[in-house]
Amino acid sequence: MAELRVRGTDTVLTEPGAIKDFVGAYGLDYEVWNIDKLHSEEAKAVEADTEQERILEVFSDEIEALKERGGYETADVIALSPDTPNLDDILAKFDKEHEHTEDEVRFVVDGRGVFVIHAPDDKVFDVEVHPGDLLVVPEGTWHWFELCEDKQIKCIRVFTSKDGWVAHYREEAAE
Ligand SMILES: CSCCC(=O)C(=O)O
Ligand SMILES: [Fe+2]
Ligand code: NI
């Protein structure tokens, strides 16, 4: 389950309902999917050419419902680890404050990471996400992303349009 920490305060939320309510006030969405599905006999029997395809198949019901709800079109799986080539270059795209012109929809399959949200009221809060956590950061929300010390995450990403995922950095906006 996720852990939400409000910077500069003692506020730490771990109860999914409390996290959902807190982020909901800023237009974000948080929910928990049954990650155990991935390790079920049924999931293991899923015919797929790649692990990514198997993951997308196992969670196809949840993904389709999400697409329906949010008007999203496509989904893929991103996996980052210390073995990822050019990991630092990839992380450098995520770890500076930025926004997107479409929602950022991430479901954690393995590992963990921290989405740092810079809210319009200047509150800054960390949402550390773990396997089973779904977080939707709505378009236009200023945020950044960091891996934890284990530098490992595997996420389903759901997009409105693949080229929608372009980061618009705060510096650009300041120009
Ligand atoms: C593992 S998803 C990385 C975070 C991201 O896509 C973003 O911040 O735009
Ligand atoms: Fe982002
Ligand atoms: Ni957890």
# chains A, B, ... in the order shown; residues from 1 in each chain; ligands from 1
$ select_by_dssp --residues "region 19-155 of chain A" --states "strand (DSSP E or B)" --output "PyMOL selection string"
chain A and resi 29-32+74-80+98-99+104-111+113-118+124-129+133-137+142-147+153-155
$ residues_near_ligand --ligand "ligand 3" --cutoff "9 Å" --atoms "only C-alpha atoms and all ligand atoms" --output "number ranges by chain"
A: 1-3, 14, 112, 128-133
$ residues_around --residues "Phe22 (chain A)" --least-positions-apart "5" --cutoff "12 Å" --atoms "only C-alpha atoms" --output "MDAnalysis selection string"
chainID A and resid 3:6 11:17 27:30 117 119 123 125:127
$ write_last_selection --atoms "N, CA, C and O atoms" --output "JSON list (two decimals), in the first residue's frame"
[["chain", "number", "residue", "atom", "x", "y", "z"],
["A", 3, "GLU", "N", 2.25, 5.13, 0.84],
["A", 3, "GLU", "CA", 2.46, 5.99, 2.01],
["A", 3, "GLU", "C", 2.55, 7.42, 1.53],
["A", 3, "GLU", "O", 3.31, 7.71, 0.59],
["A", 4, "LEU", "N", 1.73, 8.27, 2.12],
["A", 4, "LEU", "CA", 1.72, 9.69, 1.72],
["A", 4, "LEU", "C", 2.32, 10.52, 2.85],
["A", 4, "LEU", "O", 1.94, 10.38, 4.01],
["A", 5, "ARG", "N", 3.30, 11.36, 2.49],
["A", 5, "ARG", "CA", 3.98, 12.18, 3.50],
["A", 5, "ARG", "C", 3.92, 13.64, 3.06],
["A", 5, "ARG", "O", 4.34, 13.97, 1.95],
["A", 6, "VAL", "N", 3.36, 14.50, 3.90],
["A", 6, "VAL", "CA", 3.27, 15.92, 3.55],
["A", 6, "VAL", "C", 4.54, 16.61, 4.04],
["A", 6, "VAL", "O", 4.82, 16.60, 5.26],
["A", 11, "THR", "N", 2.45, 14.91, 8.95],
["A", 11, "THR", "CA", 1.36, 14.11, 8.35],
["A", 11, "THR", "C", 1.91, 12.97, 7.51],
["A", 11, "THR", "O", 2.67, 13.21, 6.55],
["A", 12, "VAL", "N", 1.58, 11.76, 7.93],
["A", 12, "VAL", "CA", 1.93, 10.54, 7.18],
["A", 12, "VAL", "C", 0.66, 9.70, 7.09],
["A", 12, "VAL", "O", 0.08, 9.35, 8.12],
["A", 13, "LEU", "N", 0.20, 9.43, 5.87],
["A", 13, "LEU", "CA", -1.02, 8.63, 5.69],
["A", 13, "LEU", "C", -0.65, 7.29, 5.07],
["A", 13, "LEU", "O", 0.15, 7.24, 4.13],
["A", 14, "THR", "N", -1.23, 6.20, 5.61],
["A", 14, "THR", "CA", -0.99, 4.88, 5.02],
["A", 14, "THR", "C", -2.31, 4.16, 4.73],
["A", 14, "THR", "O", -2.33, 3.18, 4.00],
["A", 15, "GLU", "N", -3.41, 4.64, 5.29],
["A", 15, "GLU", "CA", -4.69, 3.97, 5.08],
["A", 15, "GLU", "C", -5.22, 4.38, 3.68],
["A", 15, "GLU", "O", -5.34, 5.58, 3.39],
["A", 16, "PRO", "N", -5.49, 3.40, 2.79],
["A", 16, "PRO", "CA", -5.87, 3.75, 1.41],
["A", 16, "PRO", "C", -6.99, 4.77, 1.31],
["A", 16, "PRO", "O", -6.90, 5.71, 0.51],
["A", 17, "GLY", "N", -8.02, 4.65, 2.16],
["A", 17, "GLY", "CA", -9.13, 5.61, 2.09],
["A", 17, "GLY", "C", -8.68, 7.02, 2.43],
["A", 17, "GLY", "O", -9.08, 7.98, 1.77],
["A", 27, "GLY", "N", -7.49, 16.58, -7.02],
["A", 27, "GLY", "CA", -7.83, 16.07, -8.35],
["A", 27, "GLY", "C", -7.11, 14.80, -8.73],
["A", 27, "GLY", "O", -7.32, 14.25, -9.81],
["A", 28, "LEU", "N", -6.23, 14.30, -7.81],
["A", 28, "LEU", "CA", -5.55, 13.04, -8.13],
["A", 28, "LEU", "C", -6.49, 11.90, -7.75],
["A", 28, "LEU", "O", -7.42, 12.06, -6.96],
["A", 29, "ASP", "N", -6.19, 10.71, -8.33],
["A", 29, "ASP", "CA", -6.97, 9.53, -7.95],
["A", 29, "ASP", "C", -6.00, 8.46, -7.45],
["A", 29, "ASP", "O", -4.88, 8.35, -7.97],
["A", 30, "TYR", "N", -6.43, 7.75, -6.43],
["A", 30, "TYR", "CA", -5.62, 6.66, -5.87],
["A", 30, "TYR", "C", -6.54, 5.48, -5.60],
["A", 30, "TYR", "O", -7.63, 5.65, -5.05],
["A", 117, "ILE", "N", 4.24, 15.62, -5.38],
["A", 117, "ILE", "CA", 3.20, 16.50, -5.94],
["A", 117, "ILE", "C", 3.37, 17.89, -5.34],
["A", 117, "ILE", "O", 3.42, 18.05, -4.11],
["A", 119, "ALA", "N", 1.40, 20.97, -5.01],
["A", 119, "ALA", "CA", -0.02, 21.36, -5.16],
["A", 119, "ALA", "C", -0.15, 22.87, -5.37],
["A", 119, "ALA", "O", 0.75, 23.63, -5.01],
["A", 123, "LYS", "N", 1.44, 23.25, -1.05],
["A", 123, "LYS", "CA", 1.74, 22.06, -0.24],
["A", 123, "LYS", "C", 2.53, 21.10, -1.14],
["A", 123, "LYS", "O", 2.24, 21.00, -2.35],
["A", 125, "PHE", "N", 3.70, 17.13, -1.30],
["A", 125, "PHE", "CA", 3.57, 15.84, -0.62],
["A", 125, "PHE", "C", 4.11, 14.70, -1.48],
["A", 125, "PHE", "O", 4.03, 14.74, -2.70],
["A", 126, "ASP", "N", 4.70, 13.74, -0.76],
["A", 126, "ASP", "CA", 5.29, 12.55, -1.40],
["A", 126, "ASP", "C", 4.27, 11.43, -1.35],
["A", 126, "ASP", "O", 3.74, 11.14, -0.28],
["A", 127, "VAL", "N", 4.06, 10.80, -2.50],
["A", 127, "VAL", "CA", 3.24, 9.58, -2.52],
["A", 127, "VAL", "C", 4.17, 8.43, -2.90],
["A", 127, "VAL", "O", 4.56, 8.30, -4.06]]
$ residues_around --residues "Arg54 (chain A)" --least-positions-apart "2" --cutoff "12 Å" --atoms "only C-alpha atoms" --output "list in words"
Lys37, Leu38, His39, Glu42, Ala43, Lys44, Ala45, Val46, Glu47, Ala48, Asp49, Thr50, Glu51, Gln52, Leu56, Glu57, Val58, Phe59, Ser60, Asp76, Val77, Val109 and Ile156 of chain A
$ write_last_selection --atoms "N, CA and C atoms" --output "PDB file, in the first residue's frame"
ATOM      1  N   LYS A  37      -3.230 -11.134  -7.859  1.00  0.00           N
ATOM      2  CA  LYS A  37      -3.694 -11.764  -9.129  1.00  0.00           C
ATOM      3  C   LYS A  37      -2.487 -12.201  -9.960  1.00  0.00           C
ATOM      4  N   LEU A  38      -1.434 -11.389  -9.879  1.00  0.00           N
ATOM      5  CA  LEU A  38      -0.263 -11.607 -10.746  1.00  0.00           C
ATOM      6  C   LEU A  38       0.409 -12.942 -10.440  1.00  0.00           C
ATOM      7  N   HIS A  39       0.206 -13.427  -9.212  1.00  0.00           N
ATOM      8  CA  HIS A  39       0.924 -14.650  -8.792  1.00  0.00           C
ATOM      9  C   HIS A  39      -0.018 -15.853  -8.737  1.00  0.00           C
ATOM     10  N   GLU A  42      -3.971 -18.899 -12.391  1.00  0.00           N
ATOM     11  CA  GLU A  42      -4.605 -18.425 -13.632  1.00  0.00           C
ATOM     12  C   GLU A  42      -3.663 -17.479 -14.384  1.00  0.00           C
ATOM     13  N   ALA A  43      -3.029 -16.573 -13.621  1.00  0.00           N
ATOM     14  CA  ALA A  43      -2.127 -15.596 -14.248  1.00  0.00           C
ATOM     15  C   ALA A  43      -0.929 -16.317 -14.863  1.00  0.00           C
ATOM     16  N   LYS A  44      -0.457 -17.329 -14.159  1.00  0.00           N
ATOM     17  CA  LYS A  44       0.728 -18.042 -14.673  1.00  0.00           C
ATOM     18  C   LYS A  44       0.399 -18.759 -15.968  1.00  0.00           C
ATOM     19  N   ALA A  45      -0.896 -19.096 -16.116  1.00  0.00           N
ATOM     20  CA  ALA A  45      -1.308 -19.861 -17.321  1.00  0.00           C
ATOM     21  C   ALA A  45      -1.552 -18.940 -18.511  1.00  0.00           C
ATOM     22  N   VAL A  46      -1.518 -17.632 -18.270  1.00  0.00           N
ATOM     23  CA  VAL A  46      -1.793 -16.677 -19.371  1.00  0.00           C
ATOM     24  C   VAL A  46      -0.747 -16.848 -20.473  1.00  0.00           C
ATOM     25  N   GLU A  47      -1.246 -17.050 -21.706  1.00  0.00           N
ATOM     26  CA  GLU A  47      -0.339 -17.175 -22.864  1.00  0.00           C
ATOM     27  C   GLU A  47       0.107 -15.767 -23.276  1.00  0.00           C
ATOM     28  N   ALA A  48       1.389 -15.502 -23.254  1.00  0.00           N
ATOM     29  CA  ALA A  48       1.859 -14.174 -23.697  1.00  0.00           C
ATOM     30  C   ALA A  48       3.303 -14.311 -24.152  1.00  0.00           C
ATOM     31  N   ASP A  49       3.665 -13.538 -25.174  1.00  0.00           N
ATOM     32  CA  ASP A  49       5.040 -13.607 -25.708  1.00  0.00           C
ATOM     33  C   ASP A  49       6.030 -12.969 -24.747  1.00  0.00           C
ATOM     34  N   THR A  50       5.570 -11.960 -24.012  1.00  0.00           N
ATOM     35  CA  THR A  50       6.513 -11.270 -23.107  1.00  0.00           C
ATOM     36  C   THR A  50       5.872 -11.100 -21.732  1.00  0.00           C
ATOM     37  N   GLU A  51       6.682 -10.857 -20.749  1.00  0.00           N
ATOM     38  CA  GLU A  51       6.207 -10.620 -19.377  1.00  0.00           C
ATOM     39  C   GLU A  51       5.303  -9.383 -19.364  1.00  0.00           C
ATOM     40  N   GLN A  52       5.692  -8.361 -20.176  1.00  0.00           N
ATOM     41  CA  GLN A  52       4.864  -7.145 -20.228  1.00  0.00           C
ATOM     42  C   GLN A  52       3.452  -7.491 -20.694  1.00  0.00           C
ATOM     43  N   LEU A  56      -0.121  -7.028 -18.715  1.00  0.00           N
ATOM     44  CA  LEU A  56      -1.259  -6.257 -19.263  1.00  0.00           C
ATOM     45  C   LEU A  56      -2.494  -7.152 -19.373  1.00  0.00           C
ATOM     46  N   GLU A  57      -2.290  -8.423 -19.674  1.00  0.00           N
ATOM     47  CA  GLU A  57      -3.420  -9.358 -19.791  1.00  0.00           C
ATOM     48  C   GLU A  57      -4.033  -9.645 -18.409  1.00  0.00           C
ATOM     49  N   VAL A  58      -3.181  -9.859 -17.435  1.00  0.00           N
ATOM     50  CA  VAL A  58      -3.685 -10.178 -16.081  1.00  0.00           C
ATOM     51  C   VAL A  58      -4.553  -9.038 -15.541  1.00  0.00           C
ATOM     52  N   PHE A  59      -4.139  -7.799 -15.848  1.00  0.00           N
ATOM     53  CA  PHE A  59      -4.888  -6.638 -15.327  1.00  0.00           C
ATOM     54  C   PHE A  59      -5.772  -6.003 -16.399  1.00  0.00           C
ATOM     55  N   SER A  60      -6.124  -6.773 -17.427  1.00  0.00           N
ATOM     56  CA  SER A  60      -6.887  -6.189 -18.546  1.00  0.00           C
ATOM     57  C   SER A  60      -8.247  -5.642 -18.099  1.00  0.00           C
ATOM     58  N   ASP A  76       1.093   0.472 -21.533  1.00  0.00           N
ATOM     59  CA  ASP A  76       2.334  -0.303 -21.698  1.00  0.00           C
ATOM     60  C   ASP A  76       2.908  -0.576 -20.302  1.00  0.00           C
ATOM     61  N   VAL A  77       4.066  -1.211 -20.275  1.00  0.00           N
ATOM     62  CA  VAL A  77       4.722  -1.505 -18.995  1.00  0.00           C
ATOM     63  C   VAL A  77       6.126  -0.921 -19.052  1.00  0.00           C
ATOM     64  N   VAL A 109       3.479  -2.569 -10.355  1.00  0.00           N
ATOM     65  CA  VAL A 109       3.453  -4.039 -10.387  1.00  0.00           C
ATOM     66  C   VAL A 109       4.546  -4.605  -9.485  1.00  0.00           C
ATOM     67  N   ILE A 156       2.574  -0.418 -14.873  1.00  0.00           N
ATOM     68  CA  ILE A 156       1.716  -0.288 -16.051  1.00  0.00           C
ATOM     69  C   ILE A 156       1.480   1.207 -16.229  1.00  0.00           C
TER      70      ILE A 156
END
$ residues_near_ligand --ligand "ligand 2" --cutoff "9 Å" --atoms "only C-alpha atoms and all ligand atoms" --output "list in words"
Lys93, Phe94, Asp95, Glu97, His98, Glu99, His100, Asp103, Glu104, Phe115, Val137, Thr141, Trp142, His143, Trp144, Phe145, Trp165, Val166, Ala167 and His168 of chain A
$ write_last_selection --atoms "C-alpha atoms" --output "PDB file, in the first residue's frame"
ATOM      1  CA  LYS A  93      13.507  13.408 -17.275  1.00  0.00           C
ATOM      2  CA  PHE A  94      11.306  12.543 -14.309  1.00  0.00           C
ATOM      3  CA  ASP A  95      13.077  14.063 -11.337  1.00  0.00           C
ATOM      4  CA  GLU A  97       9.324  19.426 -11.560  1.00  0.00           C
ATOM      5  CA  HIS A  98       7.103  19.071 -14.620  1.00  0.00           C
ATOM      6  CA  GLU A  99       3.529  18.712 -15.857  1.00  0.00           C
ATOM      7  CA  HIS A 100       1.921  16.917 -18.787  1.00  0.00           C
ATOM      8  CA  ASP A 103      -3.089  12.474 -17.087  1.00  0.00           C
ATOM      9  CA  GLU A 104      -0.171  10.456 -15.776  1.00  0.00           C
ATOM     10  CA  PHE A 115       5.612  10.781  -6.936  1.00  0.00           C
ATOM     11  CA  VAL A 137      -1.822  12.545 -11.604  1.00  0.00           C
ATOM     12  CA  THR A 141      -0.420  18.920 -11.991  1.00  0.00           C
ATOM     13  CA  TRP A 142       3.142  19.947 -11.136  1.00  0.00           C
ATOM     14  CA  HIS A 143       5.051  16.880  -9.968  1.00  0.00           C
ATOM     15  CA  TRP A 144       8.246  14.931 -10.194  1.00  0.00           C
ATOM     16  CA  PHE A 145       9.223  11.316  -9.688  1.00  0.00           C
ATOM     17  CA  TRP A 165       3.586  11.996 -22.406  1.00  0.00           C
ATOM     18  CA  VAL A 166       5.881  14.980 -22.855  1.00  0.00           C
ATOM     19  CA  ALA A 167       7.229  16.627 -19.739  1.00  0.00           C
ATOM     20  CA  HIS A 168       6.818  20.424 -19.615  1.00  0.00           C
TER      21      HIS A 168
END
$ closest_residue --among "A:Asp61, A:Gly140, A:Glu31, A:Leu134" --to "Pro120 (chain A)" --atoms "only C-alpha atoms"
A:Gly140
$ closest_residue --among "A:Asp10, A:Asp110, A:Glu41, A:Asp121" --to "ligand 1" --atoms "only C-alpha atoms and all ligand atoms"
A:Asp110
$ closest_residue --among "A:Gly111, A:Pro85, A:Gly24, A:Gly71" --to "ligand 1" --atoms "only C-alpha atoms and all ligand atoms"
A:Gly111
$ select_by_dssp --residues "region 56-165 of chain A" --states "helix (DSSP H, G or I)" --output "JSON list (two decimals) with C-alpha atoms, in the first residue's frame"
[["chain", "number", "residue", "atom", "x", "y", "z"],
["A", 56, "LEU", "CA", -1.26, -6.26, -19.26],
["A", 57, "GLU", "CA", -3.42, -9.36, -19.79],
["A", 58, "VAL", "CA", -3.68, -10.18, -16.08],
["A", 60, "SER", "CA", -6.89, -6.19, -18.55],
["A", 61, "ASP", "CA", -10.22, -5.78, -16.72],
["A", 62, "GLU", "CA", -8.86, -3.05, -14.48],
["A", 63, "ILE", "CA", -7.12, -1.33, -17.40],
["A", 64, "GLU", "CA", -10.25, -1.40, -19.58],
["A", 65, "ALA", "CA", -12.35, 0.04, -16.76],
["A", 66, "LEU", "CA", -9.76, 2.77, -16.26],
["A", 67, "LYS", "CA", -9.69, 3.57, -19.99],
["A", 68, "GLU", "CA", -13.48, 3.78, -19.96],
["A", 69, "ARG", "CA", -13.47, 6.06, -16.93],
["A", 70, "GLY", "CA", -10.64, 8.32, -18.02],
["A", 87, "LEU", "CA", 18.95, 4.86, -16.11],
["A", 88, "ASP", "CA", 20.28, 8.23, -14.90],
["A", 89, "ASP", "CA", 19.29, 9.93, -18.19],
["A", 90, "ILE", "CA", 15.79, 8.43, -17.93],
["A", 91, "LEU", "CA", 15.40, 9.49, -14.30],
["A", 92, "ALA", "CA", 16.67, 12.99, -15.15],
["A", 93, "LYS", "CA", 13.51, 13.41, -17.28],
["A", 94, "PHE", "CA", 11.31, 12.54, -14.31],
["A", 162, "LYS", "CA", 1.59, 8.07, -26.45],
["A", 163, "ASP", "CA", 2.97, 11.42, -27.57],
["A", 164, "GLY", "CA", 0.91, 13.04, -24.82]]
$ decode --residues "region 32-45 of chain A" --atoms "all heavy atoms" --output "short mmCIF file (atom, residue, chain, number, x, y, z; two decimals), in the first residue's frame"
data_model
loop_
_atom_site.label_atom_id
_atom_site.label_comp_id
_atom_site.auth_asym_id
_atom_site.auth_seq_id
_atom_site.Cartn_x
_atom_site.Cartn_y
_atom_site.Cartn_z
N VAL A 32 -6.40 0.88 -4.98
CA VAL A 32 -5.58 -0.34 -4.82
C VAL A 32 -6.19 -1.45 -5.67
O VAL A 32 -7.40 -1.66 -5.63
CB VAL A 32 -5.56 -0.77 -3.32
CG1 VAL A 32 -4.79 -2.07 -3.14
CG2 VAL A 32 -4.93 0.33 -2.47
N TRP A 33 -5.35 -2.05 -6.52
CA TRP A 33 -5.80 -3.23 -7.27
C TRP A 33 -5.20 -4.47 -6.60
O TRP A 33 -4.19 -4.39 -5.90
CB TRP A 33 -5.30 -3.17 -8.71
CG TRP A 33 -5.90 -2.09 -9.56
CD1 TRP A 33 -6.89 -1.20 -9.20
CD2 TRP A 33 -5.54 -1.75 -10.92
NE1 TRP A 33 -7.14 -0.34 -10.23
CE2 TRP A 33 -6.35 -0.66 -11.31
CE3 TRP A 33 -4.61 -2.26 -11.83
CZ2 TRP A 33 -6.24 -0.08 -12.58
CZ3 TRP A 33 -4.51 -1.69 -13.09
CH2 TRP A 33 -5.33 -0.62 -13.46
N ASN A 34 -5.83 -5.61 -6.85
CA ASN A 34 -5.38 -6.87 -6.23
C ASN A 34 -4.12 -7.40 -6.90
O ASN A 34 -4.17 -8.10 -7.91
CB ASN A 34 -6.51 -7.91 -6.33
CG ASN A 34 -6.04 -9.26 -5.84
OD1 ASN A 34 -4.98 -9.36 -5.19
ND2 ASN A 34 -6.75 -10.31 -6.20
N ILE A 35 -2.98 -7.05 -6.34
CA ILE A 35 -1.69 -7.42 -6.95
C ILE A 35 -1.44 -8.93 -6.87
O ILE A 35 -0.71 -9.50 -7.69
CB ILE A 35 -0.53 -6.65 -6.28
CG1 ILE A 35 0.77 -6.79 -7.07
CG2 ILE A 35 -0.35 -7.08 -4.82
CD1 ILE A 35 0.76 -6.13 -8.45
N ASP A 36 -2.15 -9.59 -5.95
CA ASP A 36 -1.95 -11.05 -5.80
C ASP A 36 -2.38 -11.80 -7.06
O ASP A 36 -1.93 -12.93 -7.31
CB ASP A 36 -2.74 -11.57 -4.59
CG ASP A 36 -2.20 -10.98 -3.29
OD1 ASP A 36 -1.02 -10.55 -3.32
OD2 ASP A 36 -2.97 -10.88 -2.31
N LYS A 37 -3.23 -11.13 -7.86
CA LYS A 37 -3.69 -11.76 -9.13
C LYS A 37 -2.49 -12.20 -9.96
O LYS A 37 -2.51 -13.19 -10.66
CB LYS A 37 -4.49 -10.74 -9.97
CG LYS A 37 -5.93 -10.62 -9.65
CD LYS A 37 -6.56 -9.51 -10.44
CE LYS A 37 -6.86 -9.90 -11.87
NZ LYS A 37 -7.67 -8.86 -12.54
N LEU A 38 -1.43 -11.39 -9.88
CA LEU A 38 -0.26 -11.61 -10.75
C LEU A 38 0.41 -12.94 -10.44
O LEU A 38 1.08 -13.52 -11.29
CB LEU A 38 0.73 -10.46 -10.53
CG LEU A 38 1.78 -10.23 -11.61
CD1 LEU A 38 1.12 -10.01 -12.95
CD2 LEU A 38 2.65 -9.07 -11.24
N HIS A 39 0.21 -13.43 -9.21
CA HIS A 39 0.92 -14.65 -8.79
C HIS A 39 -0.02 -15.85 -8.74
O HIS A 39 0.34 -16.90 -8.25
CB HIS A 39 1.57 -14.38 -7.41
CG HIS A 39 2.33 -13.08 -7.40
ND1 HIS A 39 3.41 -12.83 -8.22
CD2 HIS A 39 2.11 -11.92 -6.71
CE1 HIS A 39 3.83 -11.58 -8.01
NE2 HIS A 39 3.07 -11.00 -7.11
N SER A 40 -1.25 -15.65 -9.26
CA SER A 40 -2.24 -16.75 -9.21
C SER A 40 -1.92 -17.79 -10.30
O SER A 40 -1.21 -17.49 -11.29
CB SER A 40 -3.64 -16.18 -9.46
OG SER A 40 -3.71 -15.72 -10.81
N GLU A 41 -2.45 -19.00 -10.10
CA GLU A 41 -2.27 -20.07 -11.11
C GLU A 41 -2.80 -19.60 -12.46
O GLU A 41 -2.19 -19.80 -13.51
CB GLU A 41 -3.00 -21.34 -10.65
CG GLU A 41 -2.30 -22.04 -9.48
CD GLU A 41 -0.77 -22.15 -9.70
OE1 GLU A 41 -0.37 -22.66 -10.77
OE2 GLU A 41 0.00 -21.66 -8.85
N GLU A 42 -3.97 -18.90 -12.39
CA GLU A 42 -4.61 -18.43 -13.63
C GLU A 42 -3.66 -17.48 -14.38
O GLU A 42 -3.46 -17.58 -15.58
CB GLU A 42 -5.91 -17.69 -13.25
CG GLU A 42 -6.79 -17.31 -14.41
CD GLU A 42 -7.94 -16.38 -13.93
OE1 GLU A 42 -8.16 -16.32 -12.70
OE2 GLU A 42 -8.54 -15.71 -14.78
N ALA A 43 -3.03 -16.57 -13.62
CA ALA A 43 -2.13 -15.60 -14.25
C ALA A 43 -0.93 -16.32 -14.86
O ALA A 43 -0.48 -16.00 -15.96
CB ALA A 43 -1.66 -14.59 -13.20
N LYS A 44 -0.46 -17.33 -14.16
CA LYS A 44 0.73 -18.04 -14.67
C LYS A 44 0.40 -18.76 -15.97
O LYS A 44 1.24 -18.99 -16.82
CB LYS A 44 1.24 -19.02 -13.60
CG LYS A 44 1.90 -18.30 -12.42
CD LYS A 44 2.55 -19.27 -11.46
CE LYS A 44 3.08 -18.52 -10.22
NZ LYS A 44 2.56 -19.07 -8.97
N ALA A 45 -0.90 -19.10 -16.12
CA ALA A 45 -1.31 -19.86 -17.32
C ALA A 45 -1.55 -18.94 -18.51
O ALA A 45 -1.77 -19.41 -19.63
CB ALA A 45 -2.58 -20.64 -17.00
#
